[in-house]
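target21.csv (CSV, C-alpha atoms and all ligand atoms) appears below.
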```csv
chain,number,residue,atom,x,y,z
T,248,MET,CA,28.2,-50.7,-141.1
T,249,VAL,CA,29.1,-52.3,-137.8
T,250,ASN,CA,27.4,-55.6,-137.0
T,251,ILE,CA,27.1,-55.1,-133.3
T,252,GLU,CA,25.3,-58.5,-132.9
T,253,LYS,CA,28.4,-60.3,-134.0
T,254,LEU,CA,30.4,-58.8,-131.2
T,255,ILE,CA,28.0,-59.8,-128.5
T,256,ARG,CA,28.4,-63.1,-126.6
T,257,PRO,CA,26.2,-65.4,-128.5
T,258,GLU,CA,24.8,-67.2,-125.4
T,259,LEU,CA,23.5,-63.8,-124.2
T,260,LEU,CA,21.6,-63.1,-127.4
T,261,SER,CA,19.6,-66.2,-126.8
T,262,ALA,CA,19.4,-66.0,-123.0
T,263,ARG,CA,15.9,-65.5,-121.5
T,264,ALA,CA,15.3,-62.3,-119.6
T,265,TYR,CA,14.3,-62.4,-115.9
T,266,THR,CA,10.5,-61.8,-115.4
T,267,PRO,CA,10.6,-58.8,-113.1
T,268,ILE,CA,7.9,-57.5,-110.8
T,269,ILE,CA,5.8,-54.7,-112.2
T,270,PRO,CA,6.3,-51.4,-110.3
T,271,LEU,CA,3.4,-50.3,-108.0
T,272,LYS,CA,2.8,-47.1,-110.0
T,273,VAL,CA,2.6,-49.0,-113.3
T,274,LEU,CA,0.2,-51.5,-111.8
T,275,SER,CA,-2.0,-48.7,-110.4
T,276,GLU,CA,-2.1,-47.0,-113.8
T,277,GLN,CA,-2.9,-50.3,-115.6
T,278,VAL,CA,-6.1,-50.9,-113.5
T,279,LYS,CA,-6.9,-47.2,-112.9
T,280,ILE,CA,-6.8,-47.5,-109.1
T,281,PRO,CA,-4.8,-45.0,-107.0
T,282,VAL,CA,-1.5,-46.4,-105.5
T,283,GLU,CA,-3.1,-46.1,-102.0
T,284,GLY,CA,-5.9,-48.4,-103.0
T,285,VAL,CA,-3.7,-51.2,-104.5
T,286,ILE,CA,-3.1,-54.3,-102.5
T,287,LYS,CA,0.3,-55.6,-103.5
T,288,LEU,CA,0.7,-59.3,-102.5
T,289,ASP,CA,3.0,-60.3,-105.4
T,290,GLY,CA,6.5,-59.5,-104.2
T,291,ASN,CA,6.8,-61.0,-100.7
T,292,GLU,CA,7.5,-57.5,-99.4
T,293,ASN,CA,6.9,-56.5,-95.8
T,294,PRO,CA,3.6,-54.6,-95.6
T,295,TYR,CA,4.6,-52.9,-92.4
T,296,GLY,CA,7.6,-51.2,-94.1
T,297,CYS,CA,11.0,-50.7,-92.6
T,298,SER,CA,11.9,-49.6,-89.0
T,299,PRO,CA,11.1,-45.9,-88.3
T,300,LYS,CA,14.7,-45.6,-87.1
T,301,VAL,CA,15.8,-46.2,-90.7
T,302,LYS,CA,13.9,-43.2,-92.0
T,303,HIS,CA,15.2,-40.9,-89.3
T,304,ALA,CA,18.8,-42.0,-89.8
T,305,LEU,CA,18.7,-41.6,-93.5
T,306,ALA,CA,17.3,-38.1,-93.2
T,307,ALA,CA,19.9,-37.0,-90.7
T,308,TYR,CA,23.0,-38.5,-92.4
T,309,PRO,CA,25.4,-35.7,-93.5
T,310,TYR,CA,28.0,-37.5,-95.7
T,311,TYR,CA,26.2,-38.8,-98.9
T,312,HIS,CA,29.0,-37.1,-100.9
T,313,ILE,CA,31.6,-39.5,-99.5
T,314,TYR,CA,32.0,-43.0,-101.0
T,315,PRO,CA,30.9,-46.0,-98.9
T,316,ASP,CA,33.5,-48.2,-97.0
T,317,PRO,CA,34.5,-50.8,-99.6
T,318,GLU,CA,35.2,-53.3,-96.7
T,319,GLN,CA,31.8,-52.6,-95.1
T,320,ARG,CA,33.5,-52.7,-91.6
T,321,GLU,CA,30.6,-51.3,-89.5
T,322,LEU,CA,27.9,-53.3,-91.3
T,323,ARG,CA,29.9,-56.5,-91.2
T,324,GLU,CA,30.6,-56.1,-87.5
T,325,ALA,CA,26.9,-55.5,-86.8
T,326,LEU,CA,26.0,-58.5,-88.9
T,327,ALA,CA,28.6,-60.6,-87.1
T,328,GLU,CA,26.7,-59.9,-83.9
T,329,TYR,CA,23.3,-60.6,-85.4
T,330,VAL,CA,24.5,-63.9,-87.1
T,331,GLY,CA,26.7,-65.0,-84.2
T,332,LEU,CA,29.8,-65.6,-86.3
T,333,PRO,CA,33.0,-63.4,-86.7
T,334,ALA,CA,32.9,-60.6,-89.4
T,335,HIS,CA,35.5,-62.4,-91.6
T,336,TYR,CA,32.8,-64.9,-92.6
T,337,ILE,CA,30.5,-62.1,-93.9
T,338,VAL,CA,30.3,-60.1,-97.1
T,339,ALA,CA,27.4,-57.7,-97.9
T,340,GLY,CA,25.9,-57.2,-101.4
T,341,SER,CA,23.5,-55.0,-103.3
T,342,GLY,CA,20.7,-57.4,-102.4
T,343,SER,CA,21.4,-61.1,-102.1
T,344,ASP,CA,20.9,-61.1,-105.9
T,345,GLU,CA,24.3,-59.5,-106.3
T,346,LEU,CA,25.9,-62.3,-104.2
T,347,ILE,CA,24.2,-65.0,-106.3
T,348,ASP,CA,25.9,-63.3,-109.3
T,349,LEU,CA,29.3,-63.0,-107.5
T,350,ILE,CA,29.3,-66.6,-106.4
T,351,LEU,CA,28.6,-67.7,-110.0
T,352,ARG,CA,31.4,-65.4,-111.3
T,353,LEU,CA,33.8,-67.0,-108.8
T,354,PHE,CA,33.1,-70.6,-109.8
T,355,ILE,CA,31.6,-70.7,-113.3
T,356,GLU,CA,33.6,-71.0,-116.5
T,357,PRO,CA,31.7,-71.3,-119.8
T,358,GLY,CA,29.9,-74.6,-119.9
T,359,ASP,CA,30.1,-75.4,-116.2
T,360,LYS,CA,26.9,-76.6,-114.6
T,361,VAL,CA,24.7,-75.3,-111.9
T,362,ILE,CA,22.0,-77.5,-110.3
T,363,ASN,CA,18.6,-75.8,-109.8
T,364,CYS,CA,15.9,-77.6,-107.8
T,365,VAL,CA,12.7,-76.6,-109.5
T,366,PRO,CA,10.3,-75.0,-108.9
T,367,THR,CA,12.4,-72.3,-107.2
T,368,PHE,CA,13.6,-68.7,-107.4
T,369,GLY,CA,14.2,-67.4,-110.9
T,370,MET,CA,17.5,-65.6,-110.3
T,371,TYR,CA,19.5,-68.8,-110.2
T,372,PRO,CA,19.0,-69.7,-113.9
T,373,PHE,CA,19.1,-66.1,-114.9
T,374,SER,CA,22.5,-65.3,-113.3
T,375,THR,CA,23.9,-68.7,-114.4
T,376,GLU,CA,23.1,-67.9,-118.0
T,377,VAL,CA,24.6,-64.4,-117.8
T,378,CYS,CA,27.8,-66.0,-116.4
T,379,GLY,CA,28.0,-68.5,-119.3
T,380,GLY,CA,27.1,-71.5,-117.1
T,381,ARG,CA,24.6,-74.3,-117.9
T,382,ILE,CA,21.5,-74.9,-115.7
T,383,VAL,CA,20.7,-78.5,-114.9
T,384,SER,CA,17.1,-78.6,-113.6
T,385,VAL,CA,16.3,-81.3,-111.1
T,386,SER,CA,12.6,-81.5,-110.1
T,387,ARG,CA,11.5,-81.5,-106.5
T,388,ASP,CA,9.1,-84.3,-105.3
T,389,GLU,CA,5.4,-84.0,-105.0
T,390,ASN,CA,5.8,-82.2,-101.6
T,391,PHE,CA,8.4,-79.9,-103.1
T,392,ALA,CA,11.2,-81.6,-101.1
T,393,VAL,CA,14.6,-81.7,-102.9
T,394,ASP,CA,15.3,-85.0,-104.6
T,395,LEU,CA,18.7,-85.9,-103.2
T,396,ALA,CA,19.2,-89.0,-105.3
T,397,SER,CA,18.5,-87.2,-108.6
T,398,ILE,CA,20.7,-84.3,-107.6
T,399,LYS,CA,23.6,-86.7,-106.8
T,400,ALA,CA,23.0,-88.5,-110.1
T,401,ALA,CA,23.1,-85.2,-112.0
T,402,ILE,CA,26.5,-84.2,-110.6
T,403,ASP,CA,29.6,-84.7,-112.9
T,404,GLU,CA,33.0,-83.0,-113.2
T,405,GLN,CA,31.5,-79.9,-114.7
T,406,THR,CA,29.0,-79.4,-111.9
T,407,LYS,CA,30.2,-76.5,-109.6
T,408,VAL,CA,27.2,-75.2,-107.6
T,409,VAL,CA,23.7,-76.2,-106.3
T,410,PHE,CA,21.2,-73.6,-105.1
T,411,LEU,CA,18.8,-74.5,-102.3
T,412,ALA,CA,16.3,-71.8,-101.2
T,413,SER,CA,15.2,-72.6,-97.7
T,414,PRO,CA,12.4,-71.7,-97.2
T,415,ASN,CA,12.0,-72.2,-100.9
T,416,ASN,CA,10.3,-69.5,-103.1
T,417,PRO,CA,7.6,-70.0,-104.2
T,418,THR,CA,6.7,-73.2,-102.3
T,419,GLY,CA,7.5,-72.0,-98.7
T,420,ASN,CA,9.0,-75.3,-97.4
T,421,ILE,CA,12.5,-75.7,-95.8
T,422,THR,CA,15.2,-78.1,-96.7
T,423,PRO,CA,16.2,-80.2,-93.7
T,424,GLN,CA,19.7,-79.9,-92.4
T,425,GLN,CA,20.6,-83.5,-93.1
T,426,ASP,CA,19.7,-83.1,-96.8
T,427,ILE,CA,21.8,-79.9,-97.0
T,428,LEU,CA,24.8,-81.7,-95.4
T,429,ALA,CA,24.3,-84.7,-97.7
T,430,LEU,CA,24.9,-82.4,-100.6
T,431,VAL,CA,27.8,-80.7,-98.9
T,432,GLU,CA,29.4,-84.1,-98.8
T,433,THR,CA,29.4,-84.3,-102.6
T,434,GLY,CA,32.0,-81.5,-102.6
T,435,ILE,CA,30.2,-79.1,-104.9
T,436,VAL,CA,29.4,-75.6,-103.6
T,437,VAL,CA,26.0,-75.7,-101.7
T,438,VAL,CA,24.4,-72.2,-101.6
T,439,VAL,CA,21.5,-72.2,-99.0
T,440,ASP,CA,19.4,-69.1,-99.8
T,441,GLU,CA,17.8,-68.0,-96.5
T,442,ALA,CA,16.1,-64.9,-97.8
T,443,TYR,CA,13.0,-65.9,-95.6
T,444,TYR,CA,15.0,-67.1,-92.6
T,445,GLU,CA,13.4,-64.7,-90.1
T,446,PHE,CA,9.9,-66.1,-90.9
T,447,SER,CA,11.0,-69.7,-90.4
T,448,GLY,CA,13.6,-69.4,-87.6
T,449,VAL,CA,15.5,-72.3,-89.2
T,450,THR,CA,19.1,-71.7,-90.3
T,451,ILE,CA,22.3,-73.6,-91.2
T,452,ALA,CA,24.5,-70.6,-90.7
T,453,PRO,CA,26.3,-71.9,-87.6
T,454,LEU,CA,27.7,-74.8,-89.6
T,455,VAL,CA,29.4,-72.6,-92.3
T,456,PRO,CA,32.8,-72.5,-90.5
T,457,HIS,CA,32.9,-76.3,-90.4
T,458,TYR,CA,32.9,-76.7,-94.2
T,459,GLU,CA,34.7,-75.2,-97.2
T,460,ASN,CA,31.8,-75.4,-99.6
T,461,LEU,CA,28.7,-74.3,-97.6
T,462,VAL,CA,27.4,-70.8,-98.2
T,463,VAL,CA,24.4,-69.1,-96.7
T,464,LEU,CA,22.7,-66.0,-98.2
T,465,ARG,CA,20.4,-63.6,-96.4
T,466,SER,CA,18.6,-60.5,-97.3
T,467,PHE,CA,17.1,-57.4,-95.7
T,468,SER,CA,14.5,-57.2,-98.5
T,469,LYS,CA,11.8,-59.3,-96.8
T,470,TRP,CA,11.9,-59.2,-93.0
T,471,ALA,CA,13.4,-55.7,-92.6
T,472,GLY,CA,11.3,-54.1,-95.3
T,473,LEU,CA,14.3,-52.8,-97.3
T,474,ALA,CA,13.6,-54.4,-100.7
T,475,GLY,CA,13.9,-50.9,-102.4
T,476,LEU,CA,17.3,-50.2,-100.9
T,477,ARG,CA,19.0,-53.4,-102.1
T,478,VAL,CA,21.0,-55.0,-99.3
T,479,GLY,CA,21.8,-58.6,-98.5
T,480,TYR,CA,24.7,-60.6,-97.2
T,481,GLY,CA,26.5,-63.9,-97.5
T,482,ILE,CA,28.0,-66.1,-94.8
T,483,PHE,CA,30.9,-67.7,-96.4
T,484,PRO,CA,33.7,-70.1,-95.4
T,485,HIS,CA,36.7,-67.8,-94.7
T,486,ARG,CA,38.6,-68.5,-98.0
T,487,LEU,CA,35.4,-67.8,-100.1
T,488,ALA,CA,34.7,-64.6,-98.1
T,489,GLU,CA,38.2,-63.4,-99.1
T,490,LEU,CA,37.7,-64.2,-102.8
T,491,ILE,CA,34.1,-62.8,-103.0
T,492,SER,CA,35.4,-59.6,-101.3
T,493,LYS,CA,38.3,-59.5,-103.8
T,494,ILE,CA,36.1,-59.7,-107.0
T,495,LYS,CA,33.1,-57.6,-105.8
T,496,PRO,CA,32.6,-54.0,-107.1
T,497,PRO,CA,34.4,-52.0,-104.3
T,498,TYR,CA,31.4,-49.7,-103.5
T,499,ASN,CA,28.7,-52.4,-104.1
T,500,VAL,CA,26.6,-51.5,-101.0
T,501,ASN,CA,25.7,-47.8,-101.2
T,502,VAL,CA,25.8,-45.6,-98.1
T,503,ALA,CA,22.0,-45.4,-97.7
T,504,ALA,CA,21.6,-49.2,-97.8
T,505,GLN,CA,24.4,-49.6,-95.2
T,506,ILE,CA,22.8,-47.0,-92.9
T,507,ALA,CA,19.4,-48.7,-93.3
T,508,ALA,CA,20.8,-52.2,-92.6
T,509,LEU,CA,22.6,-50.9,-89.5
T,510,GLU,CA,19.5,-49.2,-88.1
T,511,SER,CA,17.4,-52.3,-88.8
T,512,LEU,CA,19.9,-54.3,-86.7
T,513,ARG,CA,19.6,-51.7,-83.9
T,514,ASP,CA,15.8,-52.1,-84.0
T,515,VAL,CA,15.6,-55.9,-84.2
T,516,ASP,CA,13.0,-56.0,-81.4
T,517,TYR,CA,10.6,-53.8,-83.4
T,518,LEU,CA,11.1,-55.8,-86.6
T,519,ARG,CA,10.7,-59.1,-84.6
T,520,ASP,CA,7.2,-57.7,-83.6
T,521,THR,CA,6.2,-57.2,-87.2
T,522,ILE,CA,7.6,-60.6,-88.2
T,523,GLY,CA,5.4,-62.1,-85.4
T,524,THR,CA,2.4,-60.3,-86.7
T,525,ILE,CA,3.1,-61.6,-90.3
T,526,VAL,CA,3.7,-65.2,-89.0
T,527,ALA,CA,0.3,-65.1,-87.1
T,528,GLU,CA,-1.4,-63.7,-90.2
T,529,ARG,CA,0.1,-66.4,-92.3
T,530,GLY,CA,-1.9,-68.9,-90.2
T,531,CYS,CA,-5.1,-66.9,-90.6
T,532,LEU,CA,-4.6,-66.5,-94.3
T,533,PHE,CA,-3.9,-70.2,-94.8
T,534,ALA,CA,-7.1,-71.2,-93.0
T,535,LYS,CA,-9.2,-68.7,-95.0
T,536,LEU,CA,-7.7,-69.7,-98.3
T,537,LYS,CA,-8.5,-73.3,-97.5
T,538,GLY,CA,-12.1,-72.2,-96.7
T,539,VAL,CA,-12.6,-70.6,-100.1
T,540,GLY,CA,-13.2,-74.1,-101.4
T,541,PHE,CA,-11.4,-74.1,-104.8
T,542,LEU,CA,-7.9,-73.5,-103.4
T,543,ASP,CA,-5.4,-75.9,-102.0
T,544,PRO,CA,-2.8,-73.9,-100.0
T,545,PHE,CA,0.6,-75.4,-99.4
T,546,PRO,CA,2.0,-75.1,-95.8
T,547,SER,CA,4.6,-72.3,-95.7
T,548,GLN,CA,7.4,-71.2,-93.4
T,549,ALA,CA,7.9,-68.0,-95.3
T,550,ASN,CA,5.8,-64.8,-95.7
T,551,PHE,CA,3.8,-66.2,-98.7
T,552,ILE,CA,1.5,-69.1,-99.5
T,553,LEU,CA,1.5,-71.1,-102.7
T,554,CYS,CA,-2.0,-72.3,-103.7
T,555,SER,CA,-2.9,-74.9,-106.3
T,556,VAL,CA,-6.2,-73.9,-107.9
T,557,LEU,CA,-8.5,-76.9,-107.9
T,558,ASN,CA,-11.0,-75.7,-110.6
T,559,GLY,CA,-8.2,-74.9,-113.1
T,560,GLN,CA,-8.9,-71.2,-113.1
T,561,ALA,CA,-5.6,-69.8,-111.8
T,562,ARG,CA,-5.0,-67.4,-114.7
T,563,GLU,CA,-8.6,-66.2,-114.6
T,564,ILE,CA,-8.5,-65.6,-110.8
T,565,HIS,CA,-5.2,-63.7,-111.1
T,566,HIS,CA,-6.7,-61.5,-113.8
T,567,GLN,CA,-10.0,-60.8,-112.0
T,568,LEU,CA,-8.1,-59.9,-108.7
T,569,LYS,CA,-5.9,-57.6,-110.7
T,570,GLN,CA,-8.9,-55.7,-112.1
T,571,LYS,CA,-9.9,-55.1,-108.4
T,572,GLY,CA,-6.4,-53.8,-107.5
T,573,ILE,CA,-5.3,-57.0,-105.8
T,574,PHE,CA,-2.0,-58.2,-107.1
T,575,ILE,CA,-0.7,-61.8,-106.6
T,576,ARG,CA,1.7,-64.0,-108.6
T,577,TYR,CA,0.5,-66.5,-111.2
T,578,PHE,CA,2.6,-69.4,-112.3
T,579,ASP,CA,2.1,-71.7,-115.3
T,580,THR,CA,5.5,-73.5,-115.5
T,581,PRO,CA,5.4,-77.3,-115.8
T,582,GLN,CA,6.0,-77.8,-112.1
T,583,LEU,CA,3.6,-75.1,-111.0
T,584,GLU,CA,0.7,-75.6,-113.4
T,585,ASN,CA,-2.3,-73.6,-112.3
T,586,CYS,CA,-0.8,-72.1,-109.2
T,587,LEU,CA,-1.0,-68.8,-107.4
T,588,ARG,CA,1.5,-67.3,-104.8
T,589,ILE,CA,0.0,-64.9,-102.3
T,590,SER,CA,2.2,-62.8,-100.0
T,591,VAL,CA,1.0,-62.5,-96.4
T,592,GLY,CA,-0.3,-58.9,-96.0
T,593,LYS,CA,-2.0,-57.1,-93.1
T,594,PRO,CA,-5.3,-58.6,-91.7
T,595,GLU,CA,-7.3,-56.1,-93.7
T,596,HIS,CA,-5.6,-57.2,-96.9
T,597,THR,CA,-6.5,-60.8,-96.1
T,598,ASP,CA,-10.2,-59.7,-95.7
T,599,VAL,CA,-10.4,-57.9,-99.0
T,600,LEU,CA,-8.6,-60.7,-100.8
T,601,ILE,CA,-10.9,-63.4,-99.4
T,602,ASP,CA,-14.0,-61.4,-100.2
T,603,ALA,CA,-12.7,-60.9,-103.8
T,604,LEU,CA,-11.9,-64.6,-104.1
T,605,LYS,CA,-15.4,-65.5,-103.1
T,606,GLY,CA,-16.7,-63.2,-105.8
T,607,VAL,CA,-14.7,-64.9,-108.7
T,608,CYS,CA,-15.6,-68.1,-110.6
B,1,LIG,C1,13.3,-62.3,-102.5
B,1,LIG,C2,14.4,-63.3,-102.6
B,1,LIG,C3,15.7,-62.9,-102.4
B,1,LIG,C4,16.1,-61.5,-102.1
B,1,LIG,O1,16.9,-60.9,-103.0
B,1,LIG,P1,17.4,-59.5,-102.7
B,1,LIG,O2,18.3,-59.3,-103.9
B,1,LIG,O3,18.2,-59.5,-101.4
B,1,LIG,O4,16.3,-58.5,-102.7
B,1,LIG,C5,16.7,-63.9,-102.5
B,1,LIG,N1,16.3,-65.2,-102.7
B,1,LIG,C6,15.0,-65.6,-102.7
B,1,LIG,C7,14.7,-67.0,-102.8
B,1,LIG,C8,14.0,-64.6,-102.7
B,1,LIG,O5,12.7,-65.0,-102.8
```

In structure tokens, how does this file's structure come out?
Ligand SMILES: *Cc1c(COP(=O)(O)O)cnc(C)c1O
Amino acid sequence: MVNIEKLIRPELLSARAYTPIIPLKVLSEQVKIPVEGVIKLDGNENPYGCSPKVKHALAAYPYYHIYPDPEQRELREALAEYVGLPAHYIVAGSGSDELIDLILRLFIEPGDKVINCVPTFGMYPFSTEVCGGRIVSVSRDENFAVDLASIKAAIDEQTKVVFLASPNNPTGNITPQQDILALVETGIVVVVDEAYYEFSGVTIAPLVPHYENLVVLRSFSKWAGLAGLRVGYGIFPHRLAELISKIKPPYNVNVAAQIAALESLRDVDYLRDTIGTIVAERGCLFAKLKGVGFLDPFPSQANFILCSVLNGQAREIHHQLKQKGIFIRYFDTPQLENCLRISVGKPEHTDVLIDALKGVC
């Protein structure tokens, strides 16, 4: 008999799994409401979908039997123009999730430490554990701002990387430039995850060429409506871009994802319109959530709003909305006790949500 468990890396046997989003079809079956009737406000996806140009280009493309360009030349050139930096600073990935993993693979040896400013995105601890690193959690303050003094105090010789999502998921606030630069000064790798940049308009990307240890991650999942196709990119100091390119799987961004990203960049004006609509709706949603009476929404620069539930019924509200086919995120971690995160949908989604909220409790 082979004892397969003995061959497996022990830290992976005990690692916690990532809590994934439940697929639309499964949700619809769980509550016996057809997919068209479900209101999905749990994944921060773009309710307007991708650019129509993406669909046409994907249908017309004749070369799916040919491997993608491992150097991603066309995509990186188009991204260079969008970002305003030369293409040698840019590497694309199968979602920015893949770039999080590649960055950790580049820097983390077993036992090395990664600083995580909680509450934040769950992929950072997940990928750190898979790479054999150790997560050091540093709590944000009562306004969810990063705690610079505590982060600096947590840094030792084994600390390699700090992740800063800005705007942060699930709190929606940005990290000011001077705080990011204060951490860059410490000499560890500072990864600023700008997955929601297009909703905030705030970026530190132009400063990447001035430092050796500042990295910016971006994604097409949220603003461009391409979450299902998996495409993101990193803006790296030149040396790090070289090394990330060297260690990445050669064909990591598939042909369909590269076409979709290119077409999105050719249709930025259309996408900016939908972003404008979502940002305007974020303001309406915020006011209406506040008006419900038992919710305390937290100001957001992203396409979602975190709410603290004043009557302590977050779990119950989440459950009752789910039965009505409205899906939102529920959190019950120590930093997010009794909180809900609601993605900004279309105005009609807001109306149905607010009506349903008035009917619970
Ligand atoms: C959604 C999200 C991403 C996007 O990841 P992809 O792999 O590009 O889909 C990255 N970071 C944060 C903080 C997110 O919320």

Quiz prompt | Residue neighbourhood Trp470 of chain T, 12 Å, all atoms listed in the file, exclusion window fewer than 4 positions, as number ranges by chain | solution = T: 291-298, 441-448, 465-466, 474, 478-479, 508, 511-512, 515, 517-526, 549-550, 591

Exercise. All residues within 8 Å of ligand LIG 1 (chain B) are required, counting all atoms listed in the file; please report them as number ranges by chain.
Key: T: 290-291, 341-345, 367-368, 370, 412-417, 440-443, 464-469, 474-475, 477-480

Excluding same-chain residues fewer than 2 positions from Ser547 of chain T, what lies within 6 Å of it counting only C-alpha atoms, as a CSV table (one decimal) with C-alpha atoms, in the frame of the given file?
```
chain,number,residue,atom,x,y,z
T,419,GLY,CA,7.5,-72.0,-98.7
T,420,ASN,CA,9.0,-75.3,-97.4
T,549,ALA,CA,7.9,-68.0,-95.3
T,552,ILE,CA,1.5,-69.1,-99.5
```

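Once Lys605 of chain T and its same-chain neighbours fewer than 5 positions away are set aside, Lys535, Leu536, Lys537, Gly538, Val539, Gly540, Phe541, Leu542, Ile564, Gln567, Leu568, Asp598, Val599 and Leu600 of chain T remain within 12 Å of it when counting only C-alpha atoms.
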
Quiz prompt | Between atom CA of Val436 of chain T and atom CA of Ala400 of chain T - distance in Å to one decimal | solution = 15.8 Å

Quiz item: Suppose you want the space between atom CA of Lys569 of chain T and atom CA of Ala603 of chain T; what is it in Å?
Solution: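 Atom CA of Ala603 of chain T lies 10.2 Å from atom CA of Lys569 of chain T.
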
Only all heavy atoms, please: segment 368-374 of chain T from the block, as a short mmCIF file (atom, residue, chain, number, x, y, z; two decimals), in the first residue's frame.
```cif
data_model
loop_
_atom_site.label_atom_id
_atom_site.label_comp_id
_atom_site.auth_asym_id
_atom_site.auth_seq_id
_atom_site.Cartn_x
_atom_site.Cartn_y
_atom_site.Cartn_z
N PHE T 368 -8.55 40.96 0.64
CA PHE T 368 -8.82 39.93 -0.36
C PHE T 368 -8.23 38.57 0.06
O PHE T 368 -7.07 38.50 0.47
CB PHE T 368 -8.17 40.41 -1.66
CG PHE T 368 -8.47 39.63 -2.90
CD1 PHE T 368 -9.75 39.20 -3.20
CD2 PHE T 368 -7.45 39.35 -3.80
CE1 PHE T 368 -10.01 38.51 -4.37
CE2 PHE T 368 -7.70 38.67 -4.98
CZ PHE T 368 -8.98 38.24 -5.26
N GLY T 369 -9.02 37.52 -0.09
CA GLY T 369 -8.61 36.20 0.40
C GLY T 369 -7.53 35.49 -0.38
O GLY T 369 -6.96 34.51 0.10
N MET T 370 -7.22 35.98 -1.59
CA MET T 370 -6.20 35.27 -2.38
C MET T 370 -4.80 35.42 -1.81
O MET T 370 -3.94 34.59 -2.08
CB MET T 370 -6.19 35.78 -3.83
CG MET T 370 -7.28 35.23 -4.73
SD MET T 370 -7.34 33.43 -4.84
CE MET T 370 -5.82 33.11 -5.75
N TYR T 371 -4.53 36.51 -1.07
CA TYR T 371 -3.15 36.72 -0.59
C TYR T 371 -2.73 35.63 0.40
O TYR T 371 -1.68 35.02 0.21
CB TYR T 371 -2.97 38.13 0.00
CG TYR T 371 -3.53 39.27 -0.83
CD1 TYR T 371 -4.21 40.32 -0.24
CD2 TYR T 371 -3.37 39.28 -2.22
CE1 TYR T 371 -4.74 41.35 -0.99
CE2 TYR T 371 -3.90 40.32 -2.98
CZ TYR T 371 -4.59 41.36 -2.35
OH TYR T 371 -5.11 42.37 -3.10
N PRO T 372 -3.53 35.36 1.44
CA PRO T 372 -3.14 34.25 2.34
C PRO T 372 -3.20 32.90 1.65
O PRO T 372 -2.36 32.03 1.90
CB PRO T 372 -4.15 34.35 3.49
CG PRO T 372 -5.25 35.21 3.01
CD PRO T 372 -4.69 36.10 1.95
N PHE T 373 -4.17 32.73 0.77
CA PHE T 373 -4.31 31.44 0.07
C PHE T 373 -3.03 31.13 -0.72
O PHE T 373 -2.40 30.09 -0.55
CB PHE T 373 -5.53 31.49 -0.85
CG PHE T 373 -5.61 30.34 -1.81
CD1 PHE T 373 -6.04 29.09 -1.39
CD2 PHE T 373 -5.23 30.51 -3.14
CE1 PHE T 373 -6.09 28.02 -2.28
CE2 PHE T 373 -5.29 29.44 -4.03
CZ PHE T 373 -5.72 28.20 -3.60
N SER T 374 -2.62 32.06 -1.59
CA SER T 374 -1.44 31.81 -2.43
C SER T 374 -0.16 31.75 -1.59
O SER T 374 0.76 31.01 -1.92
CB SER T 374 -1.30 32.90 -3.49
OG SER T 374 -2.33 32.78 -4.45
#
```
